[in-house]
Amino acid sequence: YENGDLRSIKLGDQEILRRIYVAVRDRNWSTVPNLIAHVQMVVDSDAFQITYTVENHQGDIDFRWRGAIQGDCAGTLTFQMDGEAHSTFLRNRIGFCVLHPMHCAGVVARITYTDGQMEMSAFPVAIAPQLVVNGEIKPVSPFNEMQAVAHEVTPDLWAEVRFSGDIFEMEDQRNWTDASYKTYSTPLRLPFPAEIQQGTKITQAITLTLIGEGKTSLPAALPTAAPQTIPFQRKLSAVSQPVPQLGLGVASHGQALSPLELERLRQLKLTHLRVDLKLAQPDYTAVLQQATMEARALQVTLEIALHLTNAATELPALAKLIEALRPPVGRWLIFQEGEPVTAASWVQMAREWLADYAADVPIGGVTNVYFTDLNRNRPAVQALDLVAYSLNPQVHAFDNQSLIETLAAQAATVTSARQLIGDLPLVISPVTLQPRFNPNATAPESTPLPNTLPSSVDPRQMALFGAGWTLGSLKYLAESGAASITYYETTGWRGVMEIATGSTAPEKFRSLPGAVFPLYHVLAAVGEFAGGEVLPTISGDPLRLDGLLLRKAGQTRLLLANLTNQPQQVTVQDLGEQVHVQFLDETNAEAAMSAPETFRTQAGEPKSSLNGELTLPLRPYAVVRIDSGEINESRPA
């Protein structure tokens with residue numbers, strides 16, 4: 001139980017469900033925060049009961065409900081919500097969401113429909129798209145109009161989830177890098193937003209049971225304790241990948257980079273800067289001028305994202321501008337405003353106007369939003385030199401644990417994208433902690449309240465958590481074969497370092513003026529291995545600890561991150577005999593942020609492995625760098 005939700009429901013070490021929770025989504029698909037009170041818990045050895053009340057207030061929304069969760073000695077879980085609208089408002093969804101974990105891919109499932117009919121199926125392996133048919137979003141899956149869904153835990157044991165109070169359907173949340181399949185109430189075939197009248201009552205219930213002969217053979221108690229030490233090792237049977245090209249976005253605050261900022265950015269060994277040119281806006285000339293100067297100062301190319309509205313007039317004007325400015329273009333990304341993916345006609349028109357300047361520069365696009373837009377609007381790949389989409393971990397959930405869960409799902413998007421685009425280079429651009437904008441809004445987004453951060457800003461950007469999340473993102477995108485990744489921005493609260501004058505909201509974004517963020521050191525550590533290779537690795541518990549293994553010119557570097565707020569201990573295998581270990585944690589983070597040059601020149605503490613193994617303690621959210629010569633290749637596959 002956590003803040004009104006049930007999380008990580010397991011049978012021993014086997015995760016049955018990742019989460020059950022109630023969500024109130026406004027007309028723009030934003031989640032209205034829960035204000036929880038009156039929590040009462042009665043927990044016995046073979047049963048429990050939890051009750052609480054919740055108020056959801058945001059704008060004109062005033063919805064209140066009571067939650068009741070029960071578990072009995074037969075192993076049955078029930079979760080009920082009884083709610084009432086205390087105002088009249090527009091909503092897109094109110095009710096339960098049930099998350100089946102991503103590792104259910106390919107698992108056999110049995111669906112019971114609302115008409116009582118049953119059908120055998122399986123959870124999709126490739127990410128299932130949502131298609132738009134006659135203006136309606138339709139999940140491509142048999143998991144629609146459901147009364148219940150059961151999946152096979154073992155050949156003689158099934159876990160069944162039964163729903164009441166609404167019609168439920170499932171979507172593949174890996175489309176947005178959530179590591180789950182989500183079953184939710186109110187089908188997308190119904191119009192939204194819908195008006196909820198004051199006094200409307202909403203009652204729903206979820207029941208989870210285990211069924212089948214295997215239930216009778218379960219032991220009275222099953223081990224659930226996490227291992228004290230997490231094993232981490234190289235995955236010998238997997239193929240290595242090139243270290244992807246790494247870049248940053250031009251700072252959205254518009255301030256020019258200072259000499260100190262330029263010098264620190266050079267240490268990241270970047271390949272490119274991304275600049276977004278909205279050709280319908282009059283300031284795009286100045287934006288390109290500044291980006292050109294910064295790219296030249298950093299000795300990198302530009303990843304220029306062109307946002308077209310009237311290509312017939314905008315592209316000729318742009319062609320004249322680039323002839324005058326001579327920007328160092330590395331790639332073009334073509335997007336058409338108002339269209340989810342780039343049509344082949346826009347790419348072809350861009351080629352005609354841009355080829356005279358740099359005929360050999362690759363031109364691509366597809367979507368400025370999420371993988372799901374690529375997945376539901378299959379691109380005309382024959383018109384493209386590369387395919388791009390962006391990602392962030394906070395489309396549906398916002399707590400630390402949910403963000404960590406998205407990391408492995410990033411690799412799933414790359415794997416599924418590869419089935420759609422063949423061998424074309426895949427560009428992930430940009431990767432941000434928060435959504436840059438709301439692509440699904442049905443009304444203008446509200447202005448941030450006083451003393452609140454913009455919706456695109458997350459304080460974890462400048463925290464140790466941000467460094468660990470970035471390391472995990474690099475691991476999964478690099479190991480799955482992404483050719484290029486653009487992270488964050490250069491400076492500011494969406495960047496890799498704070499500007500010299502500091503945060504404009506220091507009580508909410510508590511950064512150090514002029515200091516780098518911990519994630520800067522992760523990017524710097526990877527940048528030193530540009531041109532090298534990424535070797536796949538396996539963590540014994542990837543939701544608690546994960547890492548990235550790099551090799552170049554006979555040297556290896558292992559970067560590990562404790563992804564929790566608790567101390568962890570890791571045993572690393574396959575190391576060389578002599579290594580150097582450097583920690584970035586709560587004991588030295590402030591010094592590493594204020595004086596990154598000093599931190600980066602420190603070789604780390606020398607240590608000797610024992611038969612290629614080394615056990616290390618990690619403080620909460622710590623990042624550790626382990627450098628050595630060649631790794632131990634003697635362990636059999």
# chains A, B, ... in the order shown; residues from 1 in each chain; ligands from 1
call {"tool": "select_by_dssp", "arguments": {"residues": "segment 243-411 of chain A", "states": "strand (DSSP E or B)", "output": "ChimeraX atom specification"}}
result
/A:245-249,272-278,301-308,329-336,363-366,386-391
call {"tool": "select_by_dssp", "arguments": {"residues": "segment 436-565 of chain A", "states": "helix (DSSP H, G or I)", "output": "VMD selection string"}}
result
chain A and resid 459 to 462 464 to 479 518 to 527
call {"tool": "write_last_selection", "arguments": {"atoms": "C-alpha atoms", "output": "PDB file, in the first residue's frame"}}
result
ATOM      1  CA  PRO A 459      13.260  19.671  -9.498  1.00  0.00           C
ATOM      2  CA  ARG A 460      14.723  16.170  -9.876  1.00  0.00           C
ATOM      3  CA  GLN A 461      16.595  17.522 -12.904  1.00  0.00           C
ATOM      4  CA  MET A 462      19.283  18.889 -10.581  1.00  0.00           C
ATOM      5  CA  LEU A 464      21.069  12.747  -7.730  1.00  0.00           C
ATOM      6  CA  PHE A 465      17.855  11.028  -8.812  1.00  0.00           C
ATOM      7  CA  GLY A 466      18.123  12.793 -12.176  1.00  0.00           C
ATOM      8  CA  ALA A 467      21.635  11.421 -12.641  1.00  0.00           C
ATOM      9  CA  GLY A 468      20.529   7.842 -11.953  1.00  0.00           C
ATOM     10  CA  TRP A 469      17.512   8.140 -14.238  1.00  0.00           C
ATOM     11  CA  THR A 470      19.692   9.543 -17.032  1.00  0.00           C
ATOM     12  CA  LEU A 471      22.157   6.685 -16.611  1.00  0.00           C
ATOM     13  CA  GLY A 472      19.321   4.160 -16.851  1.00  0.00           C
ATOM     14  CA  SER A 473      17.944   5.864 -19.945  1.00  0.00           C
ATOM     15  CA  LEU A 474      21.361   5.785 -21.616  1.00  0.00           C
ATOM     16  CA  LYS A 475      21.737   2.089 -20.798  1.00  0.00           C
ATOM     17  CA  TYR A 476      18.461   0.950 -22.332  1.00  0.00           C
ATOM     18  CA  LEU A 477      18.483   3.229 -25.375  1.00  0.00           C
ATOM     19  CA  ALA A 478      22.136   2.479 -26.164  1.00  0.00           C
ATOM     20  CA  GLU A 479      21.895  -1.290 -25.631  1.00  0.00           C
ATOM     21  CA  PRO A 518      24.785  15.525 -11.131  1.00  0.00           C
ATOM     22  CA  LEU A 519      23.528  14.214 -14.487  1.00  0.00           C
ATOM     23  CA  TYR A 520      26.255  16.339 -16.122  1.00  0.00           C
ATOM     24  CA  HIS A 521      28.828  13.918 -14.718  1.00  0.00           C
ATOM     25  CA  VAL A 522      26.962  10.929 -16.158  1.00  0.00           C
ATOM     26  CA  LEU A 523      27.010  12.482 -19.637  1.00  0.00           C
ATOM     27  CA  ALA A 524      30.673  13.448 -19.236  1.00  0.00           C
ATOM     28  CA  ALA A 525      31.613   9.908 -18.207  1.00  0.00           C
ATOM     29  CA  VAL A 526      29.867   8.484 -21.291  1.00  0.00           C
ATOM     30  CA  GLY A 527      31.208  11.206 -23.592  1.00  0.00           C
TER      31      GLY A 527
END
call {"tool": "atom_distance", "arguments": {"atom1": "atom CA of Arg331 of chain A", "atom2": "atom CA of Asn310 of chain A"}}
result
21.0 Å
call {"tool": "closest_residue", "arguments": {"among": "A:Arg600, A:Lys320, A:Arg264, A:Arg25", "to": "Phe192 of chain A", "atoms": "only C-alpha atoms"}}
result
A:Arg25
call {"tool": "residues_around", "arguments": {"residues": "segment 383-394 of chain A", "least_positions_apart": "5", "cutoff": "7 Å", "atoms": "only C-alpha atoms", "output": "ChimeraX atom specification"}}
result
/A:177,344,347,362-371,403,406,424-435
call {"tool": "atom_distance", "arguments": {"atom1": "atom CA of Pro617 of chain A", "atom2": "atom CA of Gly547 of chain A"}}
result
14.7 Å
call {"tool": "closest_residue", "arguments": {"among": "A:Ala251, A:Leu560, A:Ala319, A:Leu208", "to": "Ala291 of chain A", "atoms": "only C-alpha atoms"}}
result
A:Ala251
call {"tool": "residues_around", "arguments": {"residues": "His396 of chain A", "least_positions_apart": "5", "cutoff": "9 Å", "atoms": "only C-alpha atoms", "output": "MDAnalysis selection string"}}
result
chainID A and resid 30:31 173 176 178
call {"tool": "write_last_selection", "arguments": {"atoms": "N, CA and C atoms", "output": "mmCIF file, in the first residue's frame"}}
result
data_model
loop_
_atom_site.group_PDB
_atom_site.id
_atom_site.type_symbol
_atom_site.label_atom_id
_atom_site.label_comp_id
_atom_site.auth_asym_id
_atom_site.auth_seq_id
_atom_site.Cartn_x
_atom_site.Cartn_y
_atom_site.Cartn_z
ATOM 1 N N SER A 30 -4.741 15.804 -17.920
ATOM 2 C CA SER A 30 -3.886 15.987 -16.757
ATOM 3 C C SER A 30 -4.504 15.256 -15.567
ATOM 4 N N THR A 31 -3.647 14.681 -14.715
ATOM 5 C CA THR A 31 -4.111 13.953 -13.549
ATOM 6 C C THR A 31 -4.305 14.921 -12.386
ATOM 7 N N GLN A 173 0.766 0.529 -22.527
ATOM 8 C CA GLN A 173 1.376 1.774 -22.067
ATOM 9 C C GLN A 173 2.851 1.889 -22.427
ATOM 10 N N TRP A 176 4.139 4.909 -24.334
ATOM 11 C CA TRP A 176 4.595 6.140 -23.677
ATOM 12 C C TRP A 176 5.735 5.851 -22.694
ATOM 13 N N ASP A 178 5.728 3.739 -20.274
ATOM 14 C CA ASP A 178 5.293 3.114 -19.034
ATOM 15 C C ASP A 178 5.518 1.607 -19.184
#
call {"tool": "atom_distance", "arguments": {"atom1": "atom CA of Val108 of chain A", "atom2": "atom CA of Asp156 of chain A"}}
result
12.1 Å
